[in-house]
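Raw upload_8.txt, compact mmCIF, N, CA, C and O atoms:
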```
# COMPACT_ATOMS: atom_id res chain seq x y z
N MET A 1196 5.49 38.29 -25.81
CA MET A 1196 5.95 37.82 -24.52
C MET A 1196 7.39 38.26 -24.31
O MET A 1196 8.22 38.17 -25.21
N ASP A 1197 7.65 38.72 -23.13
CA ASP A 1197 9.01 39.15 -22.83
C ASP A 1197 9.81 38.00 -22.20
O ASP A 1197 9.30 36.91 -21.97
N MET A 1198 11.07 38.23 -21.92
CA MET A 1198 11.98 37.20 -21.44
C MET A 1198 11.57 36.66 -20.08
O MET A 1198 11.76 35.48 -19.80
N SER A 1199 11.00 37.47 -19.20
CA SER A 1199 10.62 37.00 -17.87
C SER A 1199 9.50 35.95 -17.95
O SER A 1199 9.46 35.04 -17.12
N SER A 1200 8.63 36.05 -18.93
CA SER A 1200 7.58 35.05 -19.11
C SER A 1200 8.18 33.71 -19.51
O SER A 1200 7.74 32.65 -19.04
N TYR A 1201 9.18 33.74 -20.39
CA TYR A 1201 9.85 32.49 -20.79
C TYR A 1201 10.57 31.85 -19.60
O TYR A 1201 10.54 30.62 -19.43
N ILE A 1202 11.22 32.65 -18.79
CA ILE A 1202 11.94 32.12 -17.63
C ILE A 1202 10.95 31.53 -16.63
O ILE A 1202 11.17 30.45 -16.08
N GLN A 1203 9.83 32.22 -16.41
CA GLN A 1203 8.82 31.72 -15.50
C GLN A 1203 8.24 30.39 -16.02
O GLN A 1203 8.04 29.45 -15.25
N PHE A 1204 7.98 30.30 -17.33
CA PHE A 1204 7.48 29.06 -17.93
C PHE A 1204 8.50 27.92 -17.77
O PHE A 1204 8.13 26.80 -17.40
N ALA A 1205 9.77 28.20 -18.01
CA ALA A 1205 10.81 27.17 -17.88
C ALA A 1205 10.93 26.68 -16.44
O ALA A 1205 11.08 25.48 -16.19
N LEU A 1206 10.86 27.59 -15.49
CA LEU A 1206 10.93 27.19 -14.08
C LEU A 1206 9.71 26.36 -13.67
O LEU A 1206 9.85 25.36 -12.96
N ALA A 1207 8.54 26.75 -14.13
CA ALA A 1207 7.32 25.99 -13.80
C ALA A 1207 7.38 24.59 -14.43
O ALA A 1207 7.03 23.59 -13.80
N LEU A 1208 7.86 24.50 -15.66
CA LEU A 1208 7.98 23.21 -16.34
C LEU A 1208 8.99 22.32 -15.62
O LEU A 1208 8.75 21.13 -15.41
N THR A 1209 10.11 22.89 -15.21
CA THR A 1209 11.13 22.14 -14.47
C THR A 1209 10.56 21.63 -13.15
O THR A 1209 10.78 20.47 -12.77
N PHE A 1210 9.83 22.46 -12.45
CA PHE A 1210 9.22 22.06 -11.18
C PHE A 1210 8.25 20.90 -11.38
O PHE A 1210 8.27 19.92 -10.63
N VAL A 1211 7.39 20.98 -12.37
CA VAL A 1211 6.41 19.93 -12.63
C VAL A 1211 7.10 18.63 -13.03
O VAL A 1211 6.72 17.55 -12.56
N LEU A 1212 8.13 18.70 -13.86
CA LEU A 1212 8.84 17.48 -14.25
C LEU A 1212 9.56 16.85 -13.07
O LEU A 1212 9.56 15.61 -12.93
N CYS A 1213 10.14 17.66 -12.19
CA CYS A 1213 10.78 17.12 -10.98
C CYS A 1213 9.75 16.49 -10.05
O CYS A 1213 10.02 15.44 -9.46
N LEU A 1214 8.60 17.09 -9.94
CA LEU A 1214 7.54 16.53 -9.12
C LEU A 1214 7.06 15.19 -9.65
O LEU A 1214 6.87 14.23 -8.90
N ILE A 1215 6.89 15.08 -10.97
CA ILE A 1215 6.49 13.81 -11.59
C ILE A 1215 7.56 12.76 -11.36
O ILE A 1215 7.27 11.61 -11.04
N TRP A 1216 8.83 13.13 -11.50
CA TRP A 1216 9.93 12.18 -11.29
C TRP A 1216 9.95 11.69 -9.85
O TRP A 1216 10.08 10.50 -9.59
N PHE A 1217 9.79 12.60 -8.89
CA PHE A 1217 9.76 12.22 -7.48
C PHE A 1217 8.61 11.28 -7.17
O PHE A 1217 8.78 10.28 -6.47
N LEU A 1218 7.43 11.55 -7.69
CA LEU A 1218 6.27 10.69 -7.45
C LEU A 1218 6.45 9.31 -8.09
O LEU A 1218 6.02 8.30 -7.52
N ALA A 1219 7.10 9.24 -9.25
CA ALA A 1219 7.35 7.94 -9.88
C ALA A 1219 8.31 7.11 -9.05
O ALA A 1219 8.11 5.90 -8.87
N ILE A 1220 9.36 7.73 -8.52
CA ILE A 1220 10.31 7.02 -7.65
C ILE A 1220 9.61 6.54 -6.39
O ILE A 1220 9.79 5.39 -5.96
N ALA A 1221 8.81 7.39 -5.77
CA ALA A 1221 8.09 7.01 -4.55
C ALA A 1221 7.11 5.88 -4.82
O ALA A 1221 7.01 4.93 -4.03
N ALA A 1222 6.39 5.93 -5.94
CA ALA A 1222 5.44 4.87 -6.27
C ALA A 1222 6.16 3.55 -6.51
O ALA A 1222 5.68 2.49 -6.10
N ARG A 1223 7.31 3.59 -7.15
CA ARG A 1223 8.07 2.36 -7.39
C ARG A 1223 8.53 1.75 -6.08
O ARG A 1223 8.47 0.54 -5.88
N ARG A 1224 8.99 2.56 -5.14
CA ARG A 1224 9.43 2.04 -3.84
C ARG A 1224 8.27 1.46 -3.06
O ARG A 1224 8.39 0.43 -2.41
N TRP A 1225 7.13 2.13 -3.06
CA TRP A 1225 5.96 1.62 -2.35
C TRP A 1225 5.46 0.33 -2.98
O TRP A 1225 4.96 -0.54 -2.29
N GLN A 1226 5.57 0.22 -4.29
CA GLN A 1226 5.14 -1.00 -4.97
C GLN A 1226 6.04 -2.17 -4.60
O GLN A 1226 5.57 -3.27 -4.39
N GLU A 1227 7.35 -1.95 -4.48
CA GLU A 1227 8.28 -3.01 -4.13
C GLU A 1227 8.11 -3.46 -2.69
O GLU A 1227 8.12 -4.64 -2.40
N ARG A 1228 7.97 -2.52 -1.76
CA ARG A 1228 7.94 -2.84 -0.34
C ARG A 1228 6.54 -2.90 0.23
O ARG A 1228 6.34 -3.46 1.29
N GLY A 1229 5.58 -2.30 -0.41
CA GLY A 1229 4.23 -2.22 0.14
C GLY A 1229 4.13 -1.04 1.10
O GLY A 1229 5.11 -0.61 1.68
N LEU A 1230 2.95 -0.54 1.26
CA LEU A 1230 2.75 0.56 2.19
C LEU A 1230 2.87 0.03 3.62
O LEU A 1230 2.41 -1.06 3.93
N PRO A 1231 3.52 0.77 4.50
CA PRO A 1231 3.71 0.30 5.87
C PRO A 1231 2.39 0.00 6.59
O PRO A 1231 2.34 -0.82 7.47
N ILE A 1232 1.32 0.68 6.19
CA ILE A 1232 0.03 0.48 6.84
C ILE A 1232 -0.50 -0.93 6.57
O ILE A 1232 -1.04 -1.59 7.43
N PHE A 1233 -0.31 -1.42 5.34
CA PHE A 1233 -0.87 -2.69 4.93
C PHE A 1233 0.12 -3.85 5.04
O PHE A 1233 -0.25 -4.99 4.83
N ARG A 1234 1.36 -3.59 5.38
CA ARG A 1234 2.37 -4.63 5.45
C ARG A 1234 2.19 -5.45 6.71
O ARG A 1234 2.00 -4.92 7.79
N GLN A 1235 2.28 -6.77 6.57
CA GLN A 1235 2.19 -7.65 7.72
C GLN A 1235 3.42 -8.54 7.74
O GLN A 1235 3.83 -9.07 6.72
N ASN A 1236 4.00 -8.75 8.89
CA ASN A 1236 5.18 -9.58 9.00
C ASN A 1236 4.85 -11.04 9.18
O ASN A 1236 5.72 -11.89 9.05
N ASN A 1237 3.62 -11.37 9.49
CA ASN A 1237 3.26 -12.75 9.75
C ASN A 1237 2.54 -13.40 8.56
O ASN A 1237 1.65 -14.22 8.74
N ARG A 1238 2.91 -13.07 7.37
CA ARG A 1238 2.29 -13.66 6.18
C ARG A 1238 2.73 -15.11 6.03
O ARG A 1238 3.88 -15.45 6.29
N ARG A 1239 1.83 -15.95 5.57
CA ARG A 1239 2.15 -17.36 5.39
C ARG A 1239 2.58 -17.65 3.96
O ARG A 1239 3.28 -18.62 3.72
N VAL A 1240 2.15 -16.86 3.00
CA VAL A 1240 2.46 -17.10 1.59
C VAL A 1240 3.35 -15.98 1.10
O VAL A 1240 3.08 -14.80 1.34
N ARG A 1241 4.43 -16.34 0.41
CA ARG A 1241 5.40 -15.36 -0.07
C ARG A 1241 5.89 -15.79 -1.45
O ARG A 1241 6.15 -16.95 -1.69
N VAL A 1242 6.03 -14.84 -2.38
CA VAL A 1242 6.64 -15.11 -3.68
C VAL A 1242 8.14 -15.01 -3.50
O VAL A 1242 8.67 -13.96 -3.14
N ILE A 1243 8.84 -16.11 -3.78
CA ILE A 1243 10.28 -16.16 -3.59
C ILE A 1243 11.00 -15.70 -4.84
O ILE A 1243 11.91 -14.88 -4.80
N GLU A 1244 10.58 -16.21 -6.00
CA GLU A 1244 11.28 -15.89 -7.24
C GLU A 1244 10.32 -16.02 -8.42
O GLU A 1244 9.46 -16.89 -8.42
N VAL A 1245 10.48 -15.17 -9.42
CA VAL A 1245 9.71 -15.21 -10.66
C VAL A 1245 10.70 -15.25 -11.80
O VAL A 1245 11.64 -14.45 -11.84
N MET A 1246 10.46 -16.18 -12.74
CA MET A 1246 11.38 -16.32 -13.88
C MET A 1246 10.57 -16.46 -15.16
O MET A 1246 9.73 -17.35 -15.26
N PRO A 1247 10.78 -15.57 -16.14
CA PRO A 1247 10.03 -15.70 -17.39
C PRO A 1247 10.49 -16.93 -18.17
O PRO A 1247 11.68 -17.19 -18.31
N VAL A 1248 9.51 -17.70 -18.66
CA VAL A 1248 9.80 -18.88 -19.48
C VAL A 1248 9.79 -18.49 -20.95
O VAL A 1248 10.70 -18.82 -21.69
N ASP A 1249 8.74 -17.80 -21.36
CA ASP A 1249 8.66 -17.23 -22.70
C ASP A 1249 7.83 -15.95 -22.59
O ASP A 1249 7.68 -15.41 -21.50
N THR A 1250 7.32 -15.46 -23.71
CA THR A 1250 6.62 -14.17 -23.68
C THR A 1250 5.30 -14.23 -22.93
O THR A 1250 4.82 -13.20 -22.46
N ARG A 1251 4.70 -15.41 -22.80
CA ARG A 1251 3.39 -15.51 -22.16
C ARG A 1251 3.42 -16.20 -20.80
O ARG A 1251 2.51 -16.03 -20.02
N ARG A 1252 4.43 -16.99 -20.51
CA ARG A 1252 4.42 -17.80 -19.29
C ARG A 1252 5.56 -17.44 -18.36
O ARG A 1252 6.62 -16.99 -18.81
N ARG A 1253 5.33 -17.68 -17.06
CA ARG A 1253 6.35 -17.45 -16.04
C ARG A 1253 6.34 -18.60 -15.05
O ARG A 1253 5.29 -19.14 -14.71
N ALA A 1254 7.53 -18.95 -14.57
CA ALA A 1254 7.66 -19.92 -13.49
C ALA A 1254 7.77 -19.12 -12.20
O ALA A 1254 8.59 -18.22 -12.07
N VAL A 1255 6.93 -19.47 -11.22
CA VAL A 1255 6.88 -18.74 -9.96
C VAL A 1255 7.15 -19.72 -8.82
O VAL A 1255 6.51 -20.76 -8.73
N LEU A 1256 8.10 -19.38 -7.96
CA LEU A 1256 8.41 -20.17 -6.78
C LEU A 1256 7.76 -19.49 -5.59
O LEU A 1256 8.06 -18.33 -5.28
N ILE A 1257 6.83 -20.19 -4.94
CA ILE A 1257 6.06 -19.64 -3.84
C ILE A 1257 6.37 -20.42 -2.58
O ILE A 1257 6.43 -21.65 -2.61
N ARG A 1258 6.58 -19.72 -1.46
CA ARG A 1258 6.78 -20.39 -0.16
C ARG A 1258 5.53 -20.23 0.67
O ARG A 1258 5.00 -19.13 0.84
N ARG A 1259 5.04 -21.35 1.17
CA ARG A 1259 3.89 -21.38 2.07
C ARG A 1259 4.33 -22.11 3.33
O ARG A 1259 4.73 -23.27 3.28
N ASP A 1260 4.29 -21.43 4.45
CA ASP A 1260 4.79 -21.96 5.72
C ASP A 1260 6.23 -22.43 5.54
O ASP A 1260 7.10 -21.63 5.29
N ASP A 1261 6.49 -23.72 5.61
CA ASP A 1261 7.85 -24.22 5.44
C ASP A 1261 7.99 -25.07 4.18
O ASP A 1261 8.90 -25.88 4.07
N ARG A 1262 7.10 -24.87 3.22
CA ARG A 1262 7.14 -25.61 1.95
C ARG A 1262 7.18 -24.63 0.79
O ARG A 1262 6.65 -23.52 0.88
N GLU A 1263 7.81 -25.05 -0.32
CA GLU A 1263 7.84 -24.24 -1.52
C GLU A 1263 7.11 -24.97 -2.64
O GLU A 1263 7.11 -26.20 -2.69
N HIS A 1264 6.49 -24.20 -3.53
CA HIS A 1264 5.72 -24.75 -4.64
C HIS A 1264 6.16 -24.05 -5.92
O HIS A 1264 6.25 -22.82 -5.95
N LEU A 1265 6.42 -24.80 -6.98
CA LEU A 1265 6.80 -24.25 -8.27
C LEU A 1265 5.58 -24.29 -9.17
O LEU A 1265 5.01 -25.36 -9.42
N ILE A 1266 5.16 -23.12 -9.66
CA ILE A 1266 3.94 -22.99 -10.45
C ILE A 1266 4.28 -22.34 -11.78
O ILE A 1266 5.04 -21.37 -11.82
N LEU A 1267 3.70 -22.85 -12.87
CA LEU A 1267 3.84 -22.25 -14.20
C LEU A 1267 2.54 -21.51 -14.49
O LEU A 1267 1.47 -22.13 -14.56
N ILE A 1268 2.62 -20.17 -14.62
CA ILE A 1268 1.43 -19.37 -14.85
C ILE A 1268 1.50 -18.72 -16.22
O ILE A 1268 2.58 -18.53 -16.78
N GLY A 1269 0.34 -18.37 -16.75
CA GLY A 1269 0.26 -17.72 -18.05
C GLY A 1269 -0.17 -18.71 -19.12
O GLY A 1269 -0.40 -19.88 -18.86
N GLY A 1270 -0.27 -18.22 -20.34
CA GLY A 1270 -0.75 -19.09 -21.41
C GLY A 1270 -2.24 -19.32 -21.24
O GLY A 1270 -2.99 -18.45 -20.87
N GLY A 1271 -2.68 -20.55 -21.48
CA GLY A 1271 -4.10 -20.85 -21.35
C GLY A 1271 -4.48 -21.37 -19.99
O GLY A 1271 -5.63 -21.30 -19.58
N ASN A 1272 -3.51 -21.93 -19.24
CA ASN A 1272 -3.82 -22.50 -17.94
C ASN A 1272 -2.61 -22.39 -17.02
O ASN A 1272 -1.50 -22.17 -17.46
N ASP A 1273 -2.86 -22.59 -15.72
CA ASP A 1273 -1.79 -22.57 -14.73
C ASP A 1273 -1.54 -23.99 -14.26
O ASP A 1273 -2.47 -24.76 -14.07
N ILE A 1274 -0.28 -24.34 -14.08
CA ILE A 1274 0.10 -25.70 -13.74
C ILE A 1274 1.00 -25.69 -12.52
O ILE A 1274 1.95 -24.90 -12.45
N VAL A 1275 0.73 -26.60 -11.57
CA VAL A 1275 1.64 -26.79 -10.45
C VAL A 1275 2.69 -27.79 -10.93
O VAL A 1275 2.39 -28.95 -11.18
N ILE A 1276 3.92 -27.33 -11.08
CA ILE A 1276 5.00 -28.19 -11.57
C ILE A 1276 5.47 -29.13 -10.46
O ILE A 1276 5.59 -30.33 -10.65
N GLU A 1277 5.76 -28.58 -9.30
CA GLU A 1277 6.23 -29.37 -8.17
C GLU A 1277 5.68 -28.77 -6.89
O GLU A 1277 5.68 -27.56 -6.72
N SER A 1278 5.22 -29.63 -6.00
CA SER A 1278 4.62 -29.16 -4.77
C SER A 1278 5.34 -29.79 -3.58
O SER A 1278 5.85 -30.89 -3.67
N GLY A 1279 5.38 -29.07 -2.47
CA GLY A 1279 5.96 -29.61 -1.25
C GLY A 1279 7.47 -29.63 -1.25
O GLY A 1279 8.08 -30.46 -0.59
N ILE A 1280 8.11 -28.73 -1.95
CA ILE A 1280 9.57 -28.66 -1.96
C ILE A 1280 10.02 -28.11 -0.61
O ILE A 1280 9.51 -27.11 -0.13
N THR A 1281 10.98 -28.77 0.01
CA THR A 1281 11.55 -28.27 1.25
C THR A 1281 12.66 -27.28 0.91
O THR A 1281 13.58 -27.62 0.18
N PRO A 1282 12.57 -26.04 1.41
CA PRO A 1282 13.60 -25.06 1.08
C PRO A 1282 14.93 -25.45 1.71
O PRO A 1282 14.97 -26.15 2.72
N PRO A 1283 16.02 -25.01 1.12
CA PRO A 1283 17.33 -25.30 1.70
C PRO A 1283 17.44 -24.70 3.10
O PRO A 1283 16.90 -23.62 3.36
N PRO A 1284 18.15 -25.36 4.03
CA PRO A 1284 18.24 -24.85 5.40
C PRO A 1284 18.86 -23.46 5.49
O PRO A 1284 18.47 -22.67 6.32
N ALA A 1285 19.82 -23.15 4.63
CA ALA A 1285 20.47 -21.84 4.67
C ALA A 1285 19.48 -20.73 4.33
O ALA A 1285 19.50 -19.67 4.91
N ALA A 1286 18.59 -20.97 3.35
CA ALA A 1286 17.62 -19.95 2.95
C ALA A 1286 16.60 -19.70 4.05
O ALA A 1286 16.22 -18.58 4.32
N THR A 1287 16.15 -20.76 4.73
CA THR A 1287 15.17 -20.59 5.80
C THR A 1287 15.79 -19.92 7.01
O THR A 1287 15.21 -19.03 7.60
N ALA A 1288 17.01 -20.32 7.38
CA ALA A 1288 17.67 -19.76 8.56
C ALA A 1288 18.00 -18.28 8.36
O ALA A 1288 17.85 -17.49 9.28
N SER A 1289 18.43 -17.90 7.16
CA SER A 1289 18.80 -16.49 6.94
C SER A 1289 17.59 -15.59 6.91
O SER A 1289 17.68 -14.43 7.27
N LYS A 1290 16.42 -16.10 6.50
CA LYS A 1290 15.22 -15.28 6.48
C LYS A 1290 14.66 -15.09 7.88
O LYS A 1290 14.16 -14.04 8.21
N GLU A 1291 14.73 -16.13 8.72
CA GLU A 1291 14.10 -16.07 10.03
C GLU A 1291 14.98 -15.40 11.08
O GLU A 1291 14.52 -14.64 11.89
N SER A 1292 16.28 -15.72 11.10
CA SER A 1292 17.15 -15.13 12.12
C SER A 1292 18.37 -14.51 11.47
O SER A 1292 19.27 -15.21 11.01
N PRO A 1293 18.40 -13.19 11.39
CA PRO A 1293 19.57 -12.54 10.79
C PRO A 1293 20.81 -12.76 11.65
O PRO A 1293 20.73 -12.83 12.88
N THR A 1294 21.94 -12.89 10.98
CA THR A 1294 23.18 -13.14 11.69
C THR A 1294 23.67 -11.86 12.35
O THR A 1294 23.52 -10.76 11.81
N GLN A 1295 24.26 -12.00 13.52
CA GLN A 1295 24.81 -10.87 14.25
C GLN A 1295 26.28 -10.72 13.89
O GLN A 1295 27.01 -11.70 13.83
N PRO A 1296 26.76 -9.51 13.62
CA PRO A 1296 28.19 -9.32 13.32
C PRO A 1296 29.02 -9.61 14.57
O PRO A 1296 28.64 -9.30 15.68
N SER A 1297 30.19 -10.21 14.36
CA SER A 1297 31.07 -10.57 15.49
C SER A 1297 31.97 -9.43 15.86
O SER A 1297 32.38 -8.64 15.09
```
Would you mind writing the file's structure down as structure tokens?
Amino acid sequence: MDMSSYIQFALALTFVLCLIWFLAIAARRWQERGLPIFRQNNRRVRVIEVMPVDTRRRAVLIRRDDREHLILIGGGNDIVIESGITPPPAATASKESPTQPS
């Protein structure tokens, strides 16, 4: 093999690696935000926060309409820790009506 074959191989490998990197970044963004086709703004249930408790369990704060629920998931069973939590007024107001700059 001559030098031009090595250069062609290196360029092709670089192109494929860049393509894989670009697709991984795009997939990560779509996973975080959801595809615009399937996204709905009028959802009633939303995951507010997830916090790992240990290697098998997580505490999940879920908002449904105007109430929040704290759930412990993982392990052998899922447990509702607290139900019907009223979210703080600042958190609800900032999500529903963004502030206008003065």
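You will find atom C of Glu1277 (chain A) at 23.2 Å from CA of Asn1237 (chain A).
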Exercise for review: Work out how far apart atom N of Glu1244 (chain A) and CA of Trp1216 (chain A) are and give it in Å to one decimal.
Suggested key: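 The value is 28.9 Å.
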Check your understanding: Quick one: residues within 8 Å of Arg1262 (chain A), only N, CA, C and O atoms counted, chain neighbours fewer than 6 positions away excluded, as a ChimeraX atom specification?
Key -> /A:1239-1241,1256,1278-1282
Since we have the selection now, will you write its residues out, keeping N, CA, C and O atoms, as a PDB file, in the frame of the given file?
```pdb
ATOM      1  N   ARG A1239       1.830 -15.950   5.570  1.00  0.00           N
ATOM      2  CA  ARG A1239       2.150 -17.360   5.390  1.00  0.00           C
ATOM      3  C   ARG A1239       2.580 -17.650   3.960  1.00  0.00           C
ATOM      4  O   ARG A1239       3.280 -18.620   3.720  1.00  0.00           O
ATOM      5  N   VAL A1240       2.150 -16.860   3.000  1.00  0.00           N
ATOM      6  CA  VAL A1240       2.460 -17.100   1.590  1.00  0.00           C
ATOM      7  C   VAL A1240       3.350 -15.980   1.100  1.00  0.00           C
ATOM      8  O   VAL A1240       3.080 -14.800   1.340  1.00  0.00           O
ATOM      9  N   ARG A1241       4.430 -16.340   0.410  1.00  0.00           N
ATOM     10  CA  ARG A1241       5.400 -15.360  -0.070  1.00  0.00           C
ATOM     11  C   ARG A1241       5.890 -15.790  -1.450  1.00  0.00           C
ATOM     12  O   ARG A1241       6.150 -16.950  -1.690  1.00  0.00           O
ATOM     13  N   LEU A1256       8.100 -19.380  -7.960  1.00  0.00           N
ATOM     14  CA  LEU A1256       8.410 -20.170  -6.780  1.00  0.00           C
ATOM     15  C   LEU A1256       7.760 -19.490  -5.590  1.00  0.00           C
ATOM     16  O   LEU A1256       8.060 -18.330  -5.280  1.00  0.00           O
ATOM     17  N   SER A1278       5.220 -29.630  -6.000  1.00  0.00           N
ATOM     18  CA  SER A1278       4.620 -29.160  -4.770  1.00  0.00           C
ATOM     19  C   SER A1278       5.340 -29.790  -3.580  1.00  0.00           C
ATOM     20  O   SER A1278       5.850 -30.890  -3.670  1.00  0.00           O
ATOM     21  N   GLY A1279       5.380 -29.070  -2.470  1.00  0.00           N
ATOM     22  CA  GLY A1279       5.960 -29.610  -1.250  1.00  0.00           C
ATOM     23  C   GLY A1279       7.470 -29.630  -1.250  1.00  0.00           C
ATOM     24  O   GLY A1279       8.080 -30.460  -0.590  1.00  0.00           O
ATOM     25  N   ILE A1280       8.110 -28.730  -1.950  1.00  0.00           N
ATOM     26  CA  ILE A1280       9.570 -28.660  -1.960  1.00  0.00           C
ATOM     27  C   ILE A1280      10.020 -28.110  -0.610  1.00  0.00           C
ATOM     28  O   ILE A1280       9.510 -27.110  -0.130  1.00  0.00           O
ATOM     29  N   THR A1281      10.980 -28.770   0.010  1.00  0.00           N
ATOM     30  CA  THR A1281      11.550 -28.270   1.250  1.00  0.00           C
ATOM     31  C   THR A1281      12.660 -27.280   0.910  1.00  0.00           C
ATOM     32  O   THR A1281      13.580 -27.620   0.180  1.00  0.00           O
ATOM     33  N   PRO A1282      12.570 -26.040   1.410  1.00  0.00           N
ATOM     34  CA  PRO A1282      13.600 -25.060   1.080  1.00  0.00           C
ATOM     35  C   PRO A1282      14.930 -25.450   1.710  1.00  0.00           C
ATOM     36  O   PRO A1282      14.970 -26.150   2.720  1.00  0.00           O
TER      37      PRO A1282
END
```
Review point. So, counting only N, CA, C and O atoms, which residue among A:Ala1222, A:Thr1209, A:Ala1285, A:Val1248 is closest to Ile1268 (chain A)?
Key: A:Val1248
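The interatomic distance for the pair atom O of Leu1212 (chain A) and atom C of Met1198 (chain A) works out to 22.3 Å.
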Exercise for review: Would you return as a PyMOL selection string the members of region 1207-1284 of chain A that DSSP assigns to strand (DSSP E or B) on this structure's backbone?
Suggested key: chain A and resi 1240-1247+1252-1259+1262-1269+1274-1280
Practice item. List the neighbours of Arg1252 (chain A) out to 9 Å using only C-alpha atoms; skip same-chain residues closer than 5 positions along the sequence, and give me the result as a PyMOL selection string. Key: chain A and resi 1246-1247+1267-1270
